[in-house]
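A.B. asks: TSV, N, CA and C atoms, saved as structure.tsv, coming up:
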```tsv
chain	number	residue	atom	x	y	z
A	522	MET	N	-16.84	53.85	41.61
A	522	MET	CA	-15.90	54.92	41.78
A	522	MET	C	-14.64	54.42	42.48
A	523	LEU	N	-14.82	53.54	43.44
A	523	LEU	CA	-13.69	52.98	44.14
A	523	LEU	C	-12.82	52.17	43.19
A	524	ASP	N	-13.44	51.51	42.23
A	524	ASP	CA	-12.71	50.72	41.25
A	524	ASP	C	-11.88	51.60	40.32
A	525	THR	N	-12.39	52.77	39.96
A	525	THR	CA	-11.65	53.65	39.07
A	525	THR	C	-10.42	54.23	39.78
A	526	ARG	N	-10.54	54.48	41.06
A	526	ARG	CA	-9.39	54.98	41.82
A	526	ARG	C	-8.29	53.94	41.88
A	527	ARG	N	-8.70	52.69	42.16
A	527	ARG	CA	-7.72	51.62	42.23
A	527	ARG	C	-7.04	51.42	40.88
A	528	CYS	N	-7.81	51.48	39.85
A	528	CYS	CA	-7.27	51.31	38.51
A	528	CYS	C	-6.30	52.45	38.18
A	529	PHE	N	-6.68	53.64	38.56
A	529	PHE	CA	-5.81	54.80	38.30
A	529	PHE	C	-4.49	54.66	39.06
A	530	LEU	N	-4.57	54.30	40.35
A	530	LEU	CA	-3.36	54.15	41.16
A	530	LEU	C	-2.48	53.02	40.65
A	531	ARG	N	-3.08	51.91	40.20
A	531	ARG	CA	-2.32	50.79	39.67
A	531	ARG	C	-1.61	51.19	38.38
A	532	ASN	N	-2.30	51.91	37.53
A	532	ASN	CA	-1.68	52.37	36.28
A	532	ASN	C	-0.55	53.38	36.57
A	533	LEU	N	-0.78	54.25	37.54
A	533	LEU	CA	0.24	55.23	37.90
A	533	LEU	C	1.48	54.54	38.45
A	534	ALA	N	1.30	53.53	39.28
A	534	ALA	CA	2.43	52.79	39.83
A	534	ALA	C	3.15	52.05	38.71
A	535	GLY	N	2.45	51.48	37.76
A	535	GLY	CA	3.07	50.77	36.65
A	535	GLY	C	3.88	51.70	35.77
A	536	VAL	N	3.33	52.87	35.47
A	536	VAL	CA	4.03	53.83	34.63
A	536	VAL	C	5.29	54.35	35.34
A	537	SER	N	5.16	54.67	36.61
A	537	SER	CA	6.33	55.20	37.34
A	537	SER	C	7.41	54.13	37.50
A	538	SER	N	7.02	52.87	37.71
A	538	SER	CA	8.03	51.82	37.81
A	538	SER	C	8.70	51.57	36.48
A	539	SER	N	7.97	51.71	35.38
A	539	SER	CA	8.58	51.53	34.05
A	539	SER	C	9.58	52.65	33.78
A	540	PHE	N	9.28	53.85	34.26
A	540	PHE	CA	10.26	54.94	34.11
A	540	PHE	C	11.54	54.64	34.89
A	541	LEU	N	11.39	54.07	36.09
A	541	LEU	CA	12.56	53.74	36.89
A	541	LEU	C	13.38	52.63	36.24
A	542	ILE	N	12.72	51.67	35.61
A	542	ILE	CA	13.43	50.56	34.98
A	542	ILE	C	14.22	51.05	33.77
A	543	PHE	N	13.59	51.90	32.95
A	543	PHE	CA	14.23	52.35	31.73
A	543	PHE	C	15.17	53.54	31.92
A	544	GLN	N	15.21	54.02	33.15
A	544	GLN	CA	16.11	55.14	33.40
A	544	GLN	C	17.54	54.65	33.32
A	545	SER	N	18.37	55.43	32.64
A	545	SER	CA	19.76	55.01	32.47
A	545	SER	C	20.53	55.25	33.77
A	546	SER	N	21.53	54.41	34.00
A	546	SER	CA	22.34	54.55	35.20
A	546	SER	C	23.26	55.76	35.03
A	547	PRO	N	23.69	56.38	36.13
A	547	PRO	CA	24.56	57.55	36.01
A	547	PRO	C	25.88	57.15	35.37
A	548	PRO	N	26.47	58.03	34.61
A	548	PRO	CA	27.72	57.68	33.93
A	548	PRO	C	28.84	57.48	34.95
A	549	ILE	N	29.69	56.51	34.67
A	549	ILE	CA	30.82	56.22	35.54
A	549	ILE	C	31.98	57.12	35.10
A	550	PRO	N	32.49	57.92	36.04
A	550	PRO	CA	33.58	58.83	35.65
A	550	PRO	C	34.85	58.05	35.33
A	551	GLU	N	35.55	58.53	34.34
A	551	GLU	CA	36.81	57.89	33.96
A	551	GLU	C	37.90	58.35	34.91
A	552	PRO	N	38.83	57.46	35.24
A	552	PRO	CA	39.92	57.88	36.13
A	552	PRO	C	40.79	58.93	35.45
A	553	ARG	N	41.29	59.83	36.24
A	553	ARG	CA	42.14	60.90	35.71
A	553	ARG	C	43.47	60.33	35.28
A	554	ARG	N	43.94	60.84	34.20
A	554	ARG	CA	45.24	60.43	33.72
A	554	ARG	C	46.29	61.37	34.30
A	555	ARG	N	47.31	60.78	34.82
A	555	ARG	CA	48.38	61.59	35.39
A	555	ARG	C	49.40	61.90	34.31
A	556	THR	N	49.63	63.17	34.15
A	556	THR	CA	50.63	63.57	33.18
A	556	THR	C	51.97	63.72	33.90
A	557	PRO	N	53.03	63.26	33.28
A	557	PRO	CA	54.33	63.40	33.95
A	557	PRO	C	54.73	64.86	34.07
A	558	VAL	N	55.27	65.19	35.22
A	558	VAL	CA	55.67	66.56	35.49
A	558	VAL	C	57.19	66.64	35.45
A	559	ASP	N	57.70	67.60	34.72
A	559	ASP	CA	59.14	67.80	34.68
A	559	ASP	C	59.58	68.48	35.96
A	560	PRO	N	60.67	68.04	36.57
A	560	PRO	CA	61.12	68.70	37.79
A	560	PRO	C	61.63	70.11	37.46
A	561	PRO	N	61.44	71.05	38.38
A	561	PRO	CA	61.90	72.42	38.11
A	561	PRO	C	63.42	72.49	38.06
A	562	THR	N	63.87	73.45	37.32
A	562	THR	CA	65.32	73.62	37.22
A	562	THR	C	65.83	74.24	38.52
A	563	PRO	N	66.99	73.87	38.98
A	563	PRO	CA	67.51	74.43	40.23
A	563	PRO	C	67.79	75.92	40.09
A	564	ALA	N	67.61	76.64	41.19
A	564	ALA	CA	67.81	78.08	41.18
A	564	ALA	C	69.28	78.42	40.95
A	565	GLU	N	70.15	77.67	41.57
A	565	GLU	CA	71.58	77.90	41.41
A	565	GLU	C	72.18	76.71	40.69
A	566	LYS	N	72.77	76.98	39.57
A	566	LYS	CA	73.38	75.89	38.81
A	566	LYS	C	74.77	75.62	39.38
A	567	GLN	N	75.06	74.35	39.55
A	567	GLN	CA	76.35	73.97	40.09
A	567	GLN	C	77.36	73.86	38.95
A	568	ASP	N	78.53	74.32	39.21
A	568	ASP	CA	79.59	74.22	38.22
A	568	ASP	C	80.15	72.81	38.21
A	569	ALA	N	80.37	72.29	37.02
A	569	ALA	CA	80.97	70.96	36.91
A	569	ALA	C	82.44	71.02	37.30
A	570	GLU	N	83.05	72.19	37.09
A	570	GLU	CA	84.47	72.33	37.41
A	570	GLU	C	84.71	72.49	38.90
A	571	ASN	N	83.79	73.20	39.59
A	571	ASN	CA	83.95	73.45	41.02
A	571	ASN	C	82.78	72.81	41.78
A	572	PRO	N	82.84	71.53	42.07
A	572	PRO	CA	81.73	70.91	42.80
A	572	PRO	C	81.67	71.44	44.23
A	573	VAL	N	80.48	71.36	44.80
A	573	VAL	CA	80.27	71.84	46.17
A	573	VAL	C	81.00	70.90	47.13
A	574	ASP	N	81.76	71.49	48.04
A	574	ASP	CA	82.53	70.71	49.01
A	574	ASP	C	81.63	70.32	50.17
A	575	THR	N	81.36	69.04	50.33
A	575	THR	CA	80.49	68.57	51.40
A	575	THR	C	81.26	67.70	52.39
A	576	SER	N	82.48	68.05	52.62
A	576	SER	CA	83.28	67.25	53.54
A	576	SER	C	82.84	67.50	54.97
A	577	ARG	N	83.27	66.64	55.83
A	577	ARG	CA	82.87	66.74	57.25
A	577	ARG	C	83.40	68.00	57.90
A	578	SER	N	84.61	68.40	57.55
A	578	SER	CA	85.18	69.59	58.18
A	578	SER	C	84.40	70.84	57.80
A	579	THR	N	83.93	70.90	56.55
A	579	THR	CA	83.13	72.05	56.12
A	579	THR	C	81.79	72.06	56.84
A	580	GLN	N	81.16	70.90	56.94
A	580	GLN	CA	79.88	70.82	57.64
A	580	GLN	C	80.04	71.18	59.11
A	581	ARG	N	81.12	70.71	59.71
A	581	ARG	CA	81.38	71.01	61.12
A	581	ARG	C	81.58	72.51	61.33
A	582	ALA	N	82.30	73.16	60.40
A	582	ALA	CA	82.53	74.60	60.50
A	582	ALA	C	81.22	75.36	60.37
A	583	GLN	N	80.35	74.91	59.46
A	583	GLN	CA	79.05	75.56	59.31
A	583	GLN	C	78.20	75.40	60.57
A	584	LEU	N	78.21	74.21	61.14
A	584	LEU	CA	77.45	73.98	62.37
A	584	LEU	C	77.97	74.83	63.53
A	585	GLN	N	79.28	74.96	63.61
A	585	GLN	CA	79.86	75.79	64.67
A	585	GLN	C	79.49	77.26	64.47
A	586	ALA	N	79.48	77.72	63.22
A	586	ALA	CA	79.10	79.11	62.95
A	586	ALA	C	77.64	79.34	63.32
A	587	GLN	N	76.79	78.36	62.99
A	587	GLN	CA	75.37	78.49	63.33
A	587	GLN	C	75.18	78.48	64.85
A	588	GLU	N	75.93	77.63	65.54
A	588	GLU	CA	75.83	77.59	67.00
A	588	GLU	C	76.28	78.91	67.61
A	589	LYS	N	77.34	79.50	67.06
A	589	LYS	CA	77.83	80.78	67.56
A	589	LYS	C	76.78	81.87	67.37
A	590	GLU	N	76.15	81.91	66.19
A	590	GLU	CA	75.09	82.89	65.93
A	590	GLU	C	73.93	82.67	66.89
A	591	PHE	N	73.58	81.42	67.11
A	591	PHE	CA	72.47	81.09	68.01
A	591	PHE	C	72.76	81.59	69.42
A	592	ARG	N	73.97	81.32	69.90
A	592	ARG	CA	74.33	81.74	71.27
A	592	ARG	C	74.39	83.26	71.39
A	593	GLU	N	74.92	83.94	70.36
A	593	GLU	CA	74.97	85.40	70.40
A	593	GLU	C	73.56	85.99	70.40
A	594	THR	N	72.68	85.44	69.59
A	594	THR	CA	71.30	85.92	69.55
A	594	THR	C	70.61	85.67	70.87
A	595	MET	N	70.88	84.52	71.47
A	595	MET	CA	70.29	84.20	72.77
A	595	MET	C	70.77	85.19	73.84
A	596	ALA	N	72.05	85.54	73.82
A	596	ALA	CA	72.58	86.50	74.79
A	596	ALA	C	71.94	87.88	74.60
A	597	ARG	N	71.80	88.29	73.34
A	597	ARG	CA	71.15	89.59	73.08
A	597	ARG	C	69.70	89.57	73.55
A	598	LEU	N	69.01	88.44	73.33
A	598	LEU	CA	67.62	88.32	73.76
A	598	LEU	C	67.51	88.43	75.27
A	599	PHE	N	68.36	87.73	76.00
A	599	PHE	CA	68.32	87.81	77.46
A	599	PHE	C	68.61	89.22	77.95
A	600	ALA	N	69.56	89.91	77.32
A	600	ALA	CA	69.89	91.27	77.75
A	600	ALA	C	68.70	92.20	77.53
A	601	LYS	N	68.06	92.07	76.37
A	601	LYS	CA	66.90	92.95	76.08
A	601	LYS	C	65.74	92.65	77.01
A	602	VAL	N	65.52	91.38	77.30
A	602	VAL	CA	64.42	91.02	78.21
A	602	VAL	C	64.71	91.55	79.61
A	603	ARG	N	65.96	91.44	80.04
A	603	ARG	CA	66.33	91.95	81.37
A	603	ARG	C	66.11	93.47	81.45
A	604	ASP	N	66.54	94.21	80.40
A	604	ASP	CA	66.34	95.65	80.39
A	604	ASP	C	64.86	96.01	80.40
A	605	LEU	N	64.08	95.28	79.62
A	605	LEU	CA	62.64	95.55	79.57
A	605	LEU	C	62.00	95.28	80.93
A	606	LYS	N	62.41	94.22	81.58
A	606	LYS	CA	61.84	93.91	82.89
A	606	LYS	C	62.16	95.01	83.90
A	607	LEU	N	63.37	95.51	83.85
A	607	LEU	CA	63.73	96.60	84.76
A	607	LEU	C	62.89	97.85	84.49
A	608	GLN	N	62.67	98.16	83.23
A	608	GLN	CA	61.86	99.34	82.91
A	608	GLN	C	60.41	99.16	83.33
A	609	VAL	N	59.86	97.98	83.11
A	609	VAL	CA	58.46	97.73	83.48
A	609	VAL	C	58.31	97.72	84.99
A	610	ASP	N	59.29	97.17	85.70
A	610	ASP	CA	59.22	97.17	87.17
A	610	ASP	C	59.29	98.59	87.72
A	611	ALA	N	59.98	99.48	87.02
A	611	ALA	CA	60.11	100.85	87.49
A	611	ALA	C	58.84	101.66	87.26
A	612	LEU	N	57.98	101.21	86.35
A	612	LEU	CA	56.73	101.94	86.07
A	612	LEU	C	55.72	101.71	87.19
A	613	HIS	N	54.92	102.73	87.43
A	613	HIS	CA	53.81	102.58	88.36
A	613	HIS	C	52.63	102.00	87.59
A	614	SER	N	51.74	101.37	88.29
A	614	SER	CA	50.62	100.70	87.62
A	614	SER	C	49.68	101.70	86.94
A	615	SER	N	49.70	102.96	87.36
A	615	SER	CA	48.82	103.96	86.75
A	615	SER	C	49.44	104.59	85.50
A	616	ASP	N	50.75	104.40	85.28
A	616	ASP	CA	51.41	104.97	84.11
A	616	ASP	C	51.09	104.15	82.86
A	617	VAL	N	51.18	104.83	81.73
A	617	VAL	CA	50.94	104.19	80.44
A	617	VAL	C	52.29	103.76	79.87
A	618	PHE	N	52.32	102.63	79.20
A	618	PHE	CA	53.56	102.16	78.59
A	618	PHE	C	54.03	103.17	77.54
A	619	SER	N	55.32	103.37	77.47
A	619	SER	CA	55.86	104.32	76.51
A	619	SER	C	56.11	103.62	75.17
A	620	ILE	N	56.39	104.41	74.16
A	620	ILE	CA	56.68	103.88	72.83
A	620	ILE	C	57.99	103.10	72.85
A	621	ALA	N	58.92	103.54	73.67
A	621	ALA	CA	60.20	102.84	73.77
A	621	ALA	C	60.02	101.40	74.25
A	622	ILE	N	59.13	101.21	75.20
A	622	ILE	CA	58.86	99.86	75.70
A	622	ILE	C	58.22	99.02	74.60
A	623	PHE	N	57.31	99.63	73.84
A	623	PHE	CA	56.67	98.92	72.74
A	623	PHE	C	57.70	98.50	71.69
A	624	LYS	N	58.63	99.39	71.36
A	624	LYS	CA	59.67	99.06	70.38
A	624	LYS	C	60.59	97.97	70.89
A	625	GLN	N	60.89	98.00	72.19
A	625	GLN	CA	61.73	96.95	72.76
A	625	GLN	C	61.05	95.58	72.66
A	626	THR	N	59.74	95.56	72.88
A	626	THR	CA	59.03	94.28	72.76
A	626	THR	C	59.06	93.77	71.32
A	627	GLN	N	58.98	94.69	70.36
A	627	GLN	CA	59.08	94.27	68.95
A	627	GLN	C	60.47	93.69	68.65
A	628	GLU	N	61.51	94.31	69.18
A	628	GLU	CA	62.87	93.79	68.98
A	628	GLU	C	63.03	92.41	69.62
A	629	ILE	N	62.43	92.24	70.78
A	629	ILE	CA	62.49	90.94	71.46
A	629	ILE	C	61.78	89.88	70.61
A	630	GLU	N	60.64	90.25	70.02
A	630	GLU	CA	59.92	89.31	69.16
A	630	GLU	C	60.76	88.92	67.95
A	631	LYS	N	61.45	89.89	67.35
A	631	LYS	CA	62.30	89.59	66.20
A	631	LYS	C	63.42	88.63	66.58
A	632	LEU	N	64.05	88.88	67.72
A	632	LEU	CA	65.11	87.98	68.18
A	632	LEU	C	64.58	86.58	68.46
A	633	ALA	N	63.38	86.51	69.03
A	633	ALA	CA	62.79	85.20	69.31
A	633	ALA	C	62.50	84.46	68.01
A	634	LYS	N	62.05	85.16	66.98
A	634	LYS	CA	61.81	84.52	65.68
A	634	LYS	C	63.11	84.04	65.06
A	635	GLN	N	64.18	84.83	65.20
A	635	GLN	CA	65.48	84.40	64.70
A	635	GLN	C	65.93	83.12	65.38
A	636	LEU	N	65.75	83.06	66.71
A	636	LEU	CA	66.13	81.86	67.44
A	636	LEU	C	65.31	80.65	66.98
A	637	LYS	N	64.06	80.89	66.71
A	637	LYS	CA	63.20	79.81	66.23
A	637	LYS	C	63.70	79.29	64.89
A	638	ASN	N	64.08	80.20	64.00
A	638	ASN	CA	64.61	79.80	62.69
A	638	ASN	C	65.93	79.07	62.82
A	639	TYR	N	66.80	79.52	63.75
A	639	TYR	CA	68.07	78.84	63.97
A	639	TYR	C	67.81	77.41	64.50
A	640	ALA	N	66.83	77.27	65.35
A	640	ALA	CA	66.54	75.96	65.92
A	640	ALA	C	65.99	75.00	64.86
A	641	LYS	N	65.27	75.51	63.88
A	641	LYS	CA	64.75	74.67	62.81
A	641	LYS	C	65.86	74.15	61.91
A	642	ALA	N	66.86	75.00	61.68
A	642	ALA	CA	67.92	74.62	60.74
A	642	ALA	C	68.86	73.60	61.28
```
Using structure tokens, write down the structure that the file contains.
C.D. replies:
Amino acid sequence: MLDTRRCFLRNLAGVSSSFLIFQSSPPIPEPRRRTPVDPPTPAEKQDAENPVDTSRSTQRAQLQAQEKEFRETMARLFAKVRDLKLQVDALHSSDVFSIAIFKQTQEIEKLAKQLKNYAKA
């Protein structure tokens, strides 16, 4: 009986190893082909007759206008923050914030986002 078990296990190992040998290897994926992409058309078409003026004086004027807007927005932000601070300081700790204070904080957030956008540009 011991001999039949050994024979069975030997045959089982031989059959399983033959399956592993004859098993096909996994297919190798083909590399993806890159298709050329056409660049998108520009949103604003430039006129051949009137090219965009990119001189230094024009760029300087644009930068000065952006700086002026930035400074004006900064001044408005400081004024609104100062007014809000005065209103909050005048409230007692037991009072509930009013809707006006909430709206002022929203305006301050909008101004802060504008300043962030100006700083990025």
A.B. asks: For region 618-633 of chain A, find every residue with an atom within 8 Å (counting only C-alpha atoms), except residues of its own chain fewer than 2 positions away, and show them as a ChimeraX atom specification.
C.D. replies: /A:594-595,597-598,601-602,605,608,616,635-637
A.B. asks: Go ahead and compute the interatomic distance for CA of Glu588 (chain A) and atom C of Ala640 (chain A), in Å to one decimal.
C.D. replies: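 If I compute the distance from CA of Glu588 (chain A) to atom C of Ala640 (chain A), I get 10.4 Å.
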A.B. asks: In chain A, what's alpha helix (DSSP H) per DSSP? Answer as an NGL selection string?
C.D. replies: :A and (523-543 or 577-611 or 620-641)
A.B. asks: Find the axis-aligned box for region 549-555 of chain A, covering all its listed atoms and adding 3 Å on each side, and write its centre and edge lengths in Å to one decimal as AutoDock Vina command-line options.
C.D. replies:
```
--center_x 39.5 --center_y 59.1 --center_z 35.0 --size_x 25.7 --size_y 11.7 --size_z 8.5
```
A.B. asks: Provide the atom C of Thr525 (chain A) to atom N of Ser537 (chain A) distance in Å, to one decimal place.
C.D. replies: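 Interatomic distance here is 15.9 Å.
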A.B. asks: One decimal, Å: what's the distance from CA of Ala586 (chain A) over to CA of Phe599 (chain A), could you say?
C.D. replies: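 If I compute the distance from CA of Ala586 (chain A) to CA of Phe599 (chain A), I get 20.1 Å.
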